[in-house]
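Asks: Structure provided below as structure tokens; questions to follow.
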Amino acid sequence: MVALKRRVHPDAQAELKEALAWHKERNPNSAESLAAEIRKYRVDTAKNPDMWAIFPGWTGKPDVRSRKLPNFPYRIVYFSDGTHFNVIAYAHEKRAPLYWSGRVDYWDNLAKKLGGTT
């Protein structure tokens, strides 16, 4: 199966950068492992995004799903619109649930602002 085109919310990108910096400061090998795991599971999930469960507590549309990383306390939080694999958070498991919920409409709002589709 072909992976969907990936889009990453700017705040999710910042979360990932912060997480990698935190790990690098403590153990560069850990940061490299986290980056590799994110890449692997992001690509794998984009190939079959509906395979993973809807995020617990999420009742809105679109269906927001998440995939837990096996070796780190993070989840890739995303939704698929049939064309794009939209990453809205690289959520640490200790953060408040659904803190990222305001990001879901980002691409729709951006398209409206630009007068087209993204």
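Following the order of the structure tokens, chains are lettered A, B, ..., residues in each are numbered from 1, and ligands are numbered from 1.
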Would you list the contacts of Lys47 (chain A) as a PDB file with N, CA and C atoms, in the first residue's frame, taking every protein, DNA or RNA residue within 12 Å and counting only C-alpha atoms, but skipping same-chain residues closer than 2 positions in sequence?
Replies:
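Output file result-v6.pdb is given in full below:
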```
ATOM      1  N   MET A   1       0.837  -1.186   0.000  1.00  0.00           N
ATOM      2  CA  MET A   1       0.000   0.000   0.000  1.00  0.00           C
ATOM      3  C   MET A   1       0.883   1.251   0.000  1.00  0.00           C
ATOM      4  N   VAL A   2       0.479   2.246  -0.740  1.00  0.00           N
ATOM      5  CA  VAL A   2       1.223   3.496  -0.848  1.00  0.00           C
ATOM      6  C   VAL A   2       0.882   4.398   0.339  1.00  0.00           C
ATOM      7  N   ALA A   3       1.904   5.000   0.894  1.00  0.00           N
ATOM      8  CA  ALA A   3       1.691   5.910   2.023  1.00  0.00           C
ATOM      9  C   ALA A   3       1.051   7.198   1.538  1.00  0.00           C
ATOM     10  N   LEU A   4       0.174   7.740   2.372  1.00  0.00           N
ATOM     11  CA  LEU A   4      -0.428   9.041   2.087  1.00  0.00           C
ATOM     12  C   LEU A   4       0.627  10.136   2.218  1.00  0.00           C
ATOM     13  N   LYS A   5       0.395  11.252   1.568  1.00  0.00           N
ATOM     14  CA  LYS A   5       1.293  12.406   1.680  1.00  0.00           C
ATOM     15  C   LYS A   5       1.192  12.968   3.095  1.00  0.00           C
ATOM     16  N   ARG A   6       2.331  13.184   3.716  1.00  0.00           N
ATOM     17  CA  ARG A   6       2.360  13.623   5.118  1.00  0.00           C
ATOM     18  C   ARG A   6       2.352  15.135   5.238  1.00  0.00           C
ATOM     19  N   LYS A  40      10.145   5.623  11.346  1.00  0.00           N
ATOM     20  CA  LYS A  40       9.656   4.295  10.995  1.00  0.00           C
ATOM     21  C   LYS A  40       8.151   4.183  11.198  1.00  0.00           C
ATOM     22  N   TYR A  41       7.660   4.577  12.353  1.00  0.00           N
ATOM     23  CA  TYR A  41       6.247   4.396  12.649  1.00  0.00           C
ATOM     24  C   TYR A  41       5.365   5.420  11.940  1.00  0.00           C
ATOM     25  N   ARG A  42       5.909   6.571  11.639  1.00  0.00           N
ATOM     26  CA  ARG A  42       5.150   7.565  10.886  1.00  0.00           C
ATOM     27  C   ARG A  42       4.923   7.060   9.455  1.00  0.00           C
ATOM     28  N   VAL A  43       5.959   6.544   8.832  1.00  0.00           N
ATOM     29  CA  VAL A  43       5.839   6.009   7.474  1.00  0.00           C
ATOM     30  C   VAL A  43       4.916   4.794   7.468  1.00  0.00           C
ATOM     31  N   ASP A  44       5.120   3.887   8.407  1.00  0.00           N
ATOM     32  CA  ASP A  44       4.312   2.680   8.487  1.00  0.00           C
ATOM     33  C   ASP A  44       2.836   3.017   8.718  1.00  0.00           C
ATOM     34  N   THR A  45       2.559   3.948   9.600  1.00  0.00           N
ATOM     35  CA  THR A  45       1.184   4.332   9.910  1.00  0.00           C
ATOM     36  C   THR A  45       0.530   5.026   8.719  1.00  0.00           C
ATOM     37  N   PRO A  49      -3.467   4.094   7.740  1.00  0.00           N
ATOM     38  CA  PRO A  49      -3.814   4.932   8.880  1.00  0.00           C
ATOM     39  C   PRO A  49      -5.050   4.492   9.665  1.00  0.00           C
ATOM     40  N   ASP A  50      -5.966   3.802   9.027  1.00  0.00           N
ATOM     41  CA  ASP A  50      -7.184   3.391   9.733  1.00  0.00           C
ATOM     42  C   ASP A  50      -6.987   2.170  10.621  1.00  0.00           C
ATOM     43  N   MET A  51      -5.798   1.626  10.613  1.00  0.00           N
ATOM     44  CA  MET A  51      -5.511   0.435  11.413  1.00  0.00           C
ATOM     45  C   MET A  51      -5.475   0.735  12.915  1.00  0.00           C
ATOM     46  N   TRP A  52      -5.211   1.954  13.286  1.00  0.00           N
ATOM     47  CA  TRP A  52      -5.020   2.313  14.681  1.00  0.00           C
ATOM     48  C   TRP A  52      -6.298   2.894  15.259  1.00  0.00           C
ATOM     49  N   SER A  80      -6.423  11.006   8.942  1.00  0.00           N
ATOM     50  CA  SER A  80      -6.283  10.848   7.504  1.00  0.00           C
ATOM     51  C   SER A  80      -7.508  11.445   6.836  1.00  0.00           C
ATOM     52  N   GLY A  82      -7.875  10.867   3.478  1.00  0.00           N
ATOM     53  CA  GLY A  82      -7.910  10.126   2.219  1.00  0.00           C
ATOM     54  C   GLY A  82      -6.795  10.498   1.266  1.00  0.00           C
ATOM     55  N   THR A  83      -6.267  11.686   1.403  1.00  0.00           N
ATOM     56  CA  THR A  83      -5.161  12.160   0.577  1.00  0.00           C
ATOM     57  C   THR A  83      -3.916  12.404   1.417  1.00  0.00           C
ATOM     58  N   HIS A  84      -4.139  12.921   2.633  1.00  0.00           N
ATOM     59  CA  HIS A  84      -3.033  13.291   3.514  1.00  0.00           C
ATOM     60  C   HIS A  84      -3.076  12.525   4.824  1.00  0.00           C
ATOM     61  N   PHE A  85      -1.896  12.306   5.341  1.00  0.00           N
ATOM     62  CA  PHE A  85      -1.675  11.780   6.682  1.00  0.00           C
ATOM     63  C   PHE A  85      -1.271  13.007   7.497  1.00  0.00           C
TER      64      PHE A  85
END
```
Asks: If we count only C-alpha atoms and set the cut-off at 6 Å, which residues sit around region 66-78 of chain A, ignoring sequence neighbours fewer than 2 positions away in its own chain? Please answer as an MDAnalysis selection string.
Replies: chainID A and resid 55 64 86:93
Asks: Using C-alpha atoms, can you export the residues from the last selection as a PDB file, in the first residue's frame?
Replies:
```pdb
ATOM      1  CA  PHE A  55      -7.816   8.475  20.272  1.00  0.00           C
ATOM      2  CA  VAL A  64      -8.294  11.336  15.206  1.00  0.00           C
ATOM      3  CA  ASN A  86      -2.024  14.777   9.011  1.00  0.00           C
ATOM      4  CA  VAL A  87       0.177  14.668  12.111  1.00  0.00           C
ATOM      5  CA  ILE A  88      -1.261  16.973  14.753  1.00  0.00           C
ATOM      6  CA  ALA A  89       0.904  15.986  17.729  1.00  0.00           C
ATOM      7  CA  TYR A  90       3.851  13.986  18.915  1.00  0.00           C
ATOM      8  CA  ALA A  91       2.204  13.668  22.288  1.00  0.00           C
ATOM      9  CA  HIS A  92       4.100  12.710  25.408  1.00  0.00           C
ATOM     10  CA  GLU A  93       1.978  10.358  27.479  1.00  0.00           C
TER      11      GLU A  93
END
```
Asks: Give me, as an NGL selection string, all polymer residues having an atom no more than 10 Å from region 101-112 of chain A, counting only C-alpha atoms and skipping those fewer than 2 positions away in the same chain.
Replies: :A and (7-12 or 58 or 60-64 or 78-79 or 86-89 or 97-99 or 114-118)
Asks: Would you please extract all strand (DSSP E or B) residues from chain A, as assigned by DSSP on the backbone, and give them as JSON, numbers by chain?
Replies: {"A": [5, 6, 7, 8, 54, 65, 66, 67, 68, 74, 75, 76, 77, 78, 79, 80, 84, 85, 86, 87, 88, 89, 90, 91, 92]}
Asks: Based on the selection just made, write N, CA and C atoms of those residues as an mmCIF file, in the first residue's frame.
Replies:
```cif
data_model
loop_
_atom_site.group_PDB
_atom_site.id
_atom_site.type_symbol
_atom_site.label_atom_id
_atom_site.label_comp_id
_atom_site.auth_asym_id
_atom_site.auth_seq_id
_atom_site.Cartn_x
_atom_site.Cartn_y
_atom_site.Cartn_z
ATOM 1 N N LYS A 5 0.395 11.252 1.568
ATOM 2 C CA LYS A 5 1.293 12.406 1.680
ATOM 3 C C LYS A 5 1.192 12.968 3.095
ATOM 4 N N ARG A 6 2.331 13.184 3.716
ATOM 5 C CA ARG A 6 2.360 13.623 5.118
ATOM 6 C C ARG A 6 2.352 15.135 5.238
ATOM 7 N N ARG A 7 1.552 15.613 6.208
ATOM 8 C CA ARG A 7 1.580 17.017 6.616
ATOM 9 C C ARG A 7 1.723 17.013 8.125
ATOM 10 N N VAL A 8 2.536 17.919 8.627
ATOM 11 C CA VAL A 8 2.785 17.995 10.072
ATOM 12 C C VAL A 8 2.417 19.397 10.552
ATOM 13 N N ILE A 54 -9.138 5.040 17.307
ATOM 14 C CA ILE A 54 -9.459 6.444 17.527
ATOM 15 C C ILE A 54 -8.946 6.824 18.913
ATOM 16 N N ARG A 65 -6.719 9.566 15.377
ATOM 17 C CA ARG A 65 -6.162 8.293 15.843
ATOM 18 C C ARG A 65 -4.763 8.527 16.411
ATOM 19 N N SER A 66 -4.248 7.511 17.064
ATOM 20 C CA SER A 66 -2.878 7.635 17.563
ATOM 21 C C SER A 66 -2.195 6.286 17.536
ATOM 22 N N ARG A 67 -0.902 6.359 17.453
ATOM 23 C CA ARG A 67 -0.078 5.160 17.505
ATOM 24 C C ARG A 67 1.020 5.376 18.523
ATOM 25 N N LYS A 68 1.062 4.488 19.492
ATOM 26 C CA LYS A 68 2.082 4.546 20.552
ATOM 27 C C LYS A 68 3.404 4.065 19.996
ATOM 28 N N TYR A 74 5.701 8.318 23.845
ATOM 29 C CA TYR A 74 5.089 9.247 22.904
ATOM 30 C C TYR A 74 4.083 8.532 22.026
ATOM 31 N N ARG A 75 3.131 9.315 21.536
ATOM 32 C CA ARG A 75 2.158 8.843 20.555
ATOM 33 C C ARG A 75 2.201 9.774 19.352
ATOM 34 N N ILE A 76 2.066 9.197 18.175
ATOM 35 C CA ILE A 76 1.865 9.985 16.971
ATOM 36 C C ILE A 76 0.354 10.161 16.863
ATOM 37 N N VAL A 77 -0.112 11.391 16.966
ATOM 38 C CA VAL A 77 -1.542 11.693 16.917
ATOM 39 C C VAL A 77 -1.823 12.274 15.530
ATOM 40 N N TYR A 78 -2.806 11.701 14.838
ATOM 41 C CA TYR A 78 -3.001 12.047 13.433
ATOM 42 C C TYR A 78 -4.434 11.794 12.992
ATOM 43 N N PHE A 79 -4.745 12.276 11.811
ATOM 44 C CA PHE A 79 -5.955 11.858 11.116
ATOM 45 C C PHE A 79 -5.638 11.787 9.633
ATOM 46 N N SER A 80 -6.423 11.006 8.942
ATOM 47 C CA SER A 80 -6.283 10.848 7.504
ATOM 48 C C SER A 80 -7.508 11.445 6.836
ATOM 49 N N HIS A 84 -4.139 12.921 2.633
ATOM 50 C CA HIS A 84 -3.033 13.291 3.514
ATOM 51 C C HIS A 84 -3.076 12.525 4.824
ATOM 52 N N PHE A 85 -1.896 12.306 5.341
ATOM 53 C CA PHE A 85 -1.675 11.780 6.682
ATOM 54 C C PHE A 85 -1.271 13.007 7.497
ATOM 55 N N ASN A 86 -2.197 13.501 8.320
ATOM 56 C CA ASN A 86 -2.024 14.777 9.011
ATOM 57 C C ASN A 86 -1.588 14.548 10.453
ATOM 58 N N VAL A 87 -0.334 14.824 10.753
ATOM 59 C CA VAL A 87 0.177 14.668 12.111
ATOM 60 C C VAL A 87 -0.149 15.943 12.882
ATOM 61 N N ILE A 88 -0.901 15.796 13.972
ATOM 62 C CA ILE A 88 -1.261 16.973 14.753
ATOM 63 C C ILE A 88 -0.529 17.043 16.078
ATOM 64 N N ALA A 89 0.123 15.942 16.489
ATOM 65 C CA ALA A 89 0.904 15.986 17.729
ATOM 66 C C ALA A 89 1.850 14.800 17.792
ATOM 67 N N TYR A 90 2.974 15.041 18.422
ATOM 68 C CA TYR A 90 3.851 13.986 18.915
ATOM 69 C C TYR A 90 3.693 14.094 20.424
ATOM 70 N N ALA A 91 2.670 13.437 20.924
ATOM 71 C CA ALA A 91 2.204 13.668 22.288
ATOM 72 C C ALA A 91 2.924 12.788 23.298
ATOM 73 N N HIS A 92 3.521 13.441 24.285
ATOM 74 C CA HIS A 92 4.100 12.710 25.408
ATOM 75 C C HIS A 92 2.957 12.191 26.258
#
```
Asks: Please report, as a VMD selection string, each residue of region 82-117 of chain A to which DSSP assigns helix (DSSP H, G or I) when run on this structure's backbone.
Replies: chain A and resid 101 to 103 106 to 114
Asks: Can you tell me how far CA of Ala36 (chain A) sits from CA of His23 (chain A), in Å to one decimal?
Replies: 12.9 Å
Asks: Taking into account only C-alpha atoms, which residue in the set A:Ala53, A:Ala31, A:Ala96, A:Ile38 is nearest to Ala19 (chain A)?
Replies: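 Once distances to Ala19 (chain A) are computed over only C-alpha atoms, the minimum belongs to A:Ala31.
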Asks: What does the distance from CA of Ala35 (chain A) to CA of Ala21 (chain A) come to in Å, to one decimal?
Replies: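 For CA of Ala35 (chain A) relative to CA of Ala21 (chain A), the distance reads 10.7 Å.
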Asks: Report, in Å with one decimal, the straight-line distance from CA of Gln13 (chain A) to CA of Glu37 (chain A).
Replies: 15.3 Å
Asks: Calculated over only C-alpha atoms, which of the candidates A:Asn48, A:Pro56, A:Leu34, A:Asn29 has the smallest distance to Leu16 (chain A)?
Replies: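 Closest residue, counting only C-alpha atoms: A:Leu34.
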Asks: Between A:Trp100, A:Glu18, A:Asp81, A:Lys94, single out the one closest to Ala46 (chain A), counting only C-alpha atoms.
Replies: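 Ranked by minimum distance to Ala46 (chain A), first place goes to A:Asp81.
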